[in-house]
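**Student:** Below you will find the structure I want to go over with you.
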Amino acid sequence: MKDFNGLNIMGRNSKKTTLYSLVFVICTLFTCEISIAAFELTGIIYEPVEWGERNNIPKKFNDCLKLFNQNPGKKRVVVVGNSQPLFAFNPYSFDEFFDHVTITYNLGIGGTAISFQSFFINYMIIDRLKPDFIIWDLHYASFFEFFNAREHKDETTHNDYNILDMLLPRMHTGNMNGLSENELAKIFLLKHFMMYKYRTIIPDRIGSLLIKDNTRGQVVSNDCELEETFSGFKNTTIQNHTYFPEAGHLFTSTLNRLEQLGIEFLVIYGPFPFDIITYHPVDVLFDTISPNNFLSFNGDLDFTDNTLYVDYLHLNLNGSQVYMNHVLEKINNSNYSTFDDQ
């Protein structure tokens with residue numbers, strides 16, 4: 001005869017084992033969720049590495065956040081802009097000049113315009129990096145309608161410049177218009193489930209431990225490919241590109257917000273190797289900035305040596321040294337409370 005009592009006992013034990021396993025898994029997941037949430041309460045909120053073809057942005061942001069949190073008590077300095085400051089600004093030179101009471105990171109992002117840069121400052125840098133000082137290096141093309149428009153995708157354009165229509169920037173701004181059900185579901189998971197959010201962050205952080213980046217965001221180059229030599233400045237008036245008024249509004253409103261929050265800043269313009277640039281709507285904007293907060297290299301003879309450049313837009317290592325000397329002199333001679341003790 002079959003031992004039905006034995007089978008019943010085994011069945012009950014199997015159900016108990018399954019139940020215990022399920023409870024254990026749930027408790028483990030819940031503990032992980034609570035642990036990660038507690039970690040974020042310390043203010044260290046890493047960015048998911050889910051920016052598609054522009055994952056260099058969250059990677060740099062996370063490296064900056066890690067650097068700042070490894071250096072408590074130091075003045076936090078962030079550099080923002082396109083690829084010009086990406087090549088030009090040396091964070092190490094800056095910190096050495098101020099005897100390492102500052103900690104500086106170059107968050108220049110190539111190919112970006114005012115629309116992205118203002119988003120970056122307002123939605124990510126201010127609240128999560130908590131900077132004491134921001135250096136915003138600008139090129140006049142950052143105000144062109146074309147370069148700002150391409151940061152949003154349309155029916156004809158979809159490439160890695162369409163940053164502001166990517167899912168993560170949309171999540172930060174709260175702009176959910178036109179998102180699919182799958183995209184909305186992903187944003188819900190990113191906002192409310194820590195393990196889902198950190199599934200890309202943890203591997204990236206482990207990778208950053210294995211691959212050391214000692215440039216603090218700067219692109220360092222010894223190349224010198226600018227063949228043209230200086231024979232006198234050309235007076236160049238920008239007329240064949242449409243100015244984007246919204247870029248001007250975003251620029252001024254961002255500076256106003258920095259002033260309201262008590263975050264000091266320096267706006268840098270140029271250099272342009274052989275040109276003195278006139279771009280009326282941008283010049284008008286710059287006229288509204290206090291001279292204390294503005295440094296222009298437009299028409300500066302110190303930047304006319306072609307051996308200082310990788311190409312027309314980017315300084316090489318020698319050019320970076322000249323650039324840094326001017327920036328440090330400007331800040332040292334200006335009235336900034338961030339550096340009062342220096």
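Residue numbering restarts at 1 in every chain; chains get A, B, ... in the order shown in the structure tokens, and ligands count up from 1 in that same order.
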Which residues are close to region 134-149 of chain A, i.e. within 8 Å by only C-alpha atoms, leaving aside same-chain residues fewer than 4 positions away? Reply as a CSV table (one decimal) with C-alpha atoms, in the first residue's frame.
**Tutor:**
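Final output, saved to result-v8.csv:
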chain,number,residue,atom,x,y,z
A,77,VAL,CA,34.0,73.9,-8.3
A,78,VAL,CA,32.2,72.7,-11.4
A,79,VAL,CA,33.1,73.6,-15.0
A,80,VAL,CA,30.2,73.6,-17.5
A,81,GLY,CA,30.1,74.1,-21.3
A,82,ASN,CA,30.7,72.3,-24.6
A,84,GLN,CA,35.9,74.2,-25.6
A,85,PRO,CA,36.2,74.0,-21.8
A,112,THR,CA,26.0,70.8,-26.3
A,113,ALA,CA,24.3,74.1,-26.5
A,114,ILE,CA,22.6,76.4,-23.9
A,115,SER,CA,19.4,74.3,-23.8
A,116,PHE,CA,21.3,71.3,-22.4
A,153,LYS,CA,14.4,65.1,-31.7
A,241,HIS,CA,22.8,81.9,-38.1
A,242,THR,CA,19.5,82.4,-36.4
A,243,TYR,CA,19.7,83.4,-32.8
A,244,PHE,CA,17.5,81.3,-30.4
A,247,ALA,CA,18.5,80.1,-25.2
A,248,GLY,CA,19.0,83.7,-24.0
A,263,ILE,CA,26.2,80.2,-5.8
A,264,GLU,CA,29.1,82.3,-7.2
A,265,PHE,CA,30.0,82.0,-10.9
A,266,LEU,CA,32.2,83.1,-13.7
A,267,VAL,CA,31.1,83.2,-17.3
A,268,ILE,CA,34.0,82.8,-19.9
A,269,TYR,CA,33.7,83.7,-23.6
A,270,GLY,CA,36.2,82.5,-26.2
A,279,TYR,CA,27.1,88.7,-32.4
A,282,VAL,CA,24.8,87.6,-27.4
**Student:** Please, which residues in region 89-139 of chain A fall within 9 Å of region 68-72 of chain A when counting only C-alpha atoms, and what is the closest atom pair and distance in Å to one decimal for each, ordered by chain then residue number, as a tab-separated table?
**Tutor:**
residue	atom	partner	partner_atom	distance
A:Ile103	CA	A:Phe68	CA	6.8
A:Thr104	CA	A:Phe68	CA	8.2
A:Tyr105	CA	A:Phe68	CA	8.7
A:Leu129	CA	A:Phe68	CA	7.6
**Student:** Write to file, as a short mmCIF file (atom, residue, chain, number, x, y, z; two decimals), in the first residue's frame, the residues of the selection just made, with N, CA and C atoms.
**Tutor:**
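Result written to result23.cif:
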data_model
loop_
_atom_site.label_atom_id
_atom_site.label_comp_id
_atom_site.auth_asym_id
_atom_site.auth_seq_id
_atom_site.Cartn_x
_atom_site.Cartn_y
_atom_site.Cartn_z
N ILE A 103 38.02 71.55 -4.70
CA ILE A 103 38.02 70.28 -5.43
C ILE A 103 37.20 70.52 -6.70
N THR A 104 37.82 70.29 -7.85
CA THR A 104 37.28 70.78 -9.12
C THR A 104 37.10 69.65 -10.12
N TYR A 105 36.02 69.73 -10.89
CA TYR A 105 35.77 68.73 -11.93
C TYR A 105 35.29 69.44 -13.19
N LEU A 129 25.06 68.05 -6.84
CA LEU A 129 26.50 68.26 -6.64
C LEU A 129 26.78 69.36 -5.62
#
**Student:** Which residues are close to region 329-334 of chain A, i.e. within 12 Å by only C-alpha atoms, leaving aside same-chain residues fewer than 5 positions away? Reply as number ranges by chain.
**Tutor:** A: 94, 97-98, 133-135, 264-268, 290-297, 322-324, 339-342
**Student:** Let me make sure I understand: among A:Gln117, A:Asn55, A:Thr102, A:Thr307, which one has the smallest atom-to-atom distance to Asn222 (chain A) if we use only C-alpha atoms?
**Tutor:**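 Of A:Gln117, A:Asn55, A:Thr102, A:Thr307, the one nearest Asn222 (chain A), counting only C-alpha atoms, is A:Thr307.
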**Student:** What is the distance between CA of Met194 (chain A) and CA of Glu47 (chain A), in Å to one decimal?
**Tutor:**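 Calculated distance between CA of Met194 (chain A) and CA of Glu47 (chain A) is 11.8 Å.
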**Student:** Distance CA of Thr254 (chain A)-CA of Ser118 (chain A), one decimal place?
**Tutor:**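 Between CA of Thr254 (chain A) and CA of Ser118 (chain A) the gap is 6.4 Å.
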**Student:** Distance CA of Cys64 (chain A)-CA of Ile126 (chain A), one decimal place?
**Tutor:**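 CA of Cys64 (chain A) sits 12.8 Å away from CA of Ile126 (chain A).
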**Student:** Could you tell me, as a ChimeraX atom specification, which residues of region 172-309 of chain A DSSP assigns to strand (DSSP E) when given the backbone?
**Tutor:** /A:234-237,264-269,275-278,294-296
